[in-house]
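Visitor: Let me begin by handing over the structure; questions about it come next.
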Amino acid sequence: MKVFLFLILFVFSSLALYSQVRKPKAPAKASAGASSSLLKLSAGRGKVVYAVNCLPCHQADGGGVPNLNPPLIQTPYVTGDKTRLITIILKGLDKDIEINGDTYSNPMPPHDFLKDQEIADVLTYIRNAFGNKAGAVTAPEVKKLRK
């Protein structure tokens, strides 16, 4: 009799456990903390890309060089439309631009040699450095425009 009760308990507990394991789980929602951590990781990698590729022209503080290289500090070119910013990195910029009443005329060569993730990281960095507060750029966004 004890063996029979043991088998019944074993079967029912196994079924209960199996139903819990097989129960589909709701997809996990990305928390604000998780997206903030991803932004920080991307910006951290982007800071390195910036130091190697951007700093000589745009300077360590993002202030640029008067009349030559534009500042990256709170300008619509940086904090505005991501598509325009990604396109500038991929294709360069060979026309004068005006920012806050000042004209900048040094052509920027394309940086299409950078990988999609490197471009996303450096743009995420500049969009969140130098007093800027803007959303991250992702590698898929860069890839889409590179085509």
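We name chains A, B, ... following the order of the structure tokens; residues begin at 1 in each chain, and ligands are numbered from 1 as shown.
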So which residues touch A:Gln59 within 10 Å, counting only C-alpha atoms, skipping near sequence neighbours fewer than 3 positions away, as a list of chain:residue names?
Guide: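 The contact residues come out as A:Tyr50, A:Ala51, A:Cys54, A:Leu55, A:Pro56, A:Gly62, A:Gly63, A:Gly64, A:Val65, A:Asn69, A:Pro70, A:Pro71, A:Leu72.
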Visitor: Take atom CA of A:Lys47 and atom CA of A:Gln117 and report the distance between them in Å, one decimal.
Guide: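 These two atoms are separated by 12.8 Å.
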Visitor: Using only C-alpha atoms, which residues of stretch 30-122 of chain A come within 8 Å of stretch 140-144 of chain A, and what is the closest atom pair for each, with the distance in Å to one decimal? Give it as a Markdown table, sorted by chain and residue number.
Guide:
```
| residue | atom | partner | partner_atom | distance |
| --- | --- | --- | --- | --- |
| A:Ile86 | CA | A:Val142 | CA | 6.4 |
| A:Asp116 | CA | A:Val142 | CA | 5.6 |
| A:Gln117 | CA | A:Val142 | CA | 7.9 |
| A:Ile119 | CA | A:Val142 | CA | 7.2 |
| A:Ala120 | CA | A:Val142 | CA | 6.6 |
```
Visitor: Emit the selected residues as a compact mmCIF listing (two decimals), in the first residue's frame, including C-alpha atoms.
Guide:
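Below you can see part-v3.txt, which holds the result:
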```txt
# COMPACT_ATOMS: atom_id res chain seq x y z
CA ILE A 86 24.41 58.56 -39.52
CA ASP A 116 28.04 49.50 -38.05
CA GLN A 117 28.43 48.88 -34.32
CA ILE A 119 29.29 54.04 -35.77
CA ALA A 120 26.32 53.32 -33.52
```
Visitor: Output as CSV one row per residue of stretch 43-91 of chain A within 8 Å of stretch 99-113 of chain A: the closest atom pair and its distance in Å to one decimal place, counting only C-alpha atoms, sorted by chain and residue number ascending.
Guide:
```
residue,atom,partner,partner_atom,distance
A:Pro66,CA,A:Tyr104,CA,7.2
A:Asn67,CA,A:Tyr104,CA,4.4
A:Leu68,CA,A:Asn106,CA,4.6
A:Asn69,CA,A:Tyr104,CA,5.7
A:Pro70,CA,A:Tyr104,CA,5.7
A:Thr75,CA,A:Ile99,CA,7.2
A:Ile88,CA,A:Pro110,CA,7.2
A:Ile89,CA,A:His111,CA,5.4
A:Leu90,CA,A:Asp112,CA,4.6
A:Lys91,CA,A:Pro110,CA,4.6
```
Visitor: Using Å and a single decimal, report how far atom CA of A:Lys147 sits from atom CA of A:Ala129.
Guide: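 Interatomic distance, atom CA of A:Ala129 to atom CA of A:Lys147: 28.1 Å.
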Visitor: Per DSSP on the backbone, filter stretch 29-143 of chain A down to the residues in strand (DSSP E or B) and report them as a list in words.
Guide: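 The strand (DSSP E or B) residues within stretch 29-143 of chain A come out as Val65, Asn69, Leu93, Ile97, Glu98, Ile99, Asp102, Thr103, Tyr104 and Met108 of chain A.
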Visitor: Ranking A:Asp96, A:Ser35, A:Val49, A:Leu123 by minimum distance to A:Thr83 and counting only C-alpha atoms, which one comes first?
Guide: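 Once distances to A:Thr83 are computed over only C-alpha atoms, the minimum belongs to A:Leu123.
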Visitor: May I have the residues within 12 Å of A:Ser36 as an NGL selection string, using only C-alpha atoms and disregarding those fewer than 6 positions away in the same chain?
Guide: :A and (30 or 42-43 or 124 or 128 or 134-136)
Visitor: Selection from above, C-alpha atoms, as a compact mmCIF listing (two decimals), in the first residue's frame, can you write it?
Guide:
```
# COMPACT_ATOMS: atom_id res chain seq x y z
CA ALA A 30 13.19 45.59 -21.01
CA SER A 42 27.52 51.64 -26.13
CA ALA A 43 28.62 55.14 -25.15
CA THR A 124 25.47 57.20 -29.03
CA ASN A 128 25.05 61.67 -24.65
CA ALA A 134 19.55 62.11 -26.85
CA GLY A 135 18.60 58.55 -27.68
CA ALA A 136 21.00 55.81 -28.62
```
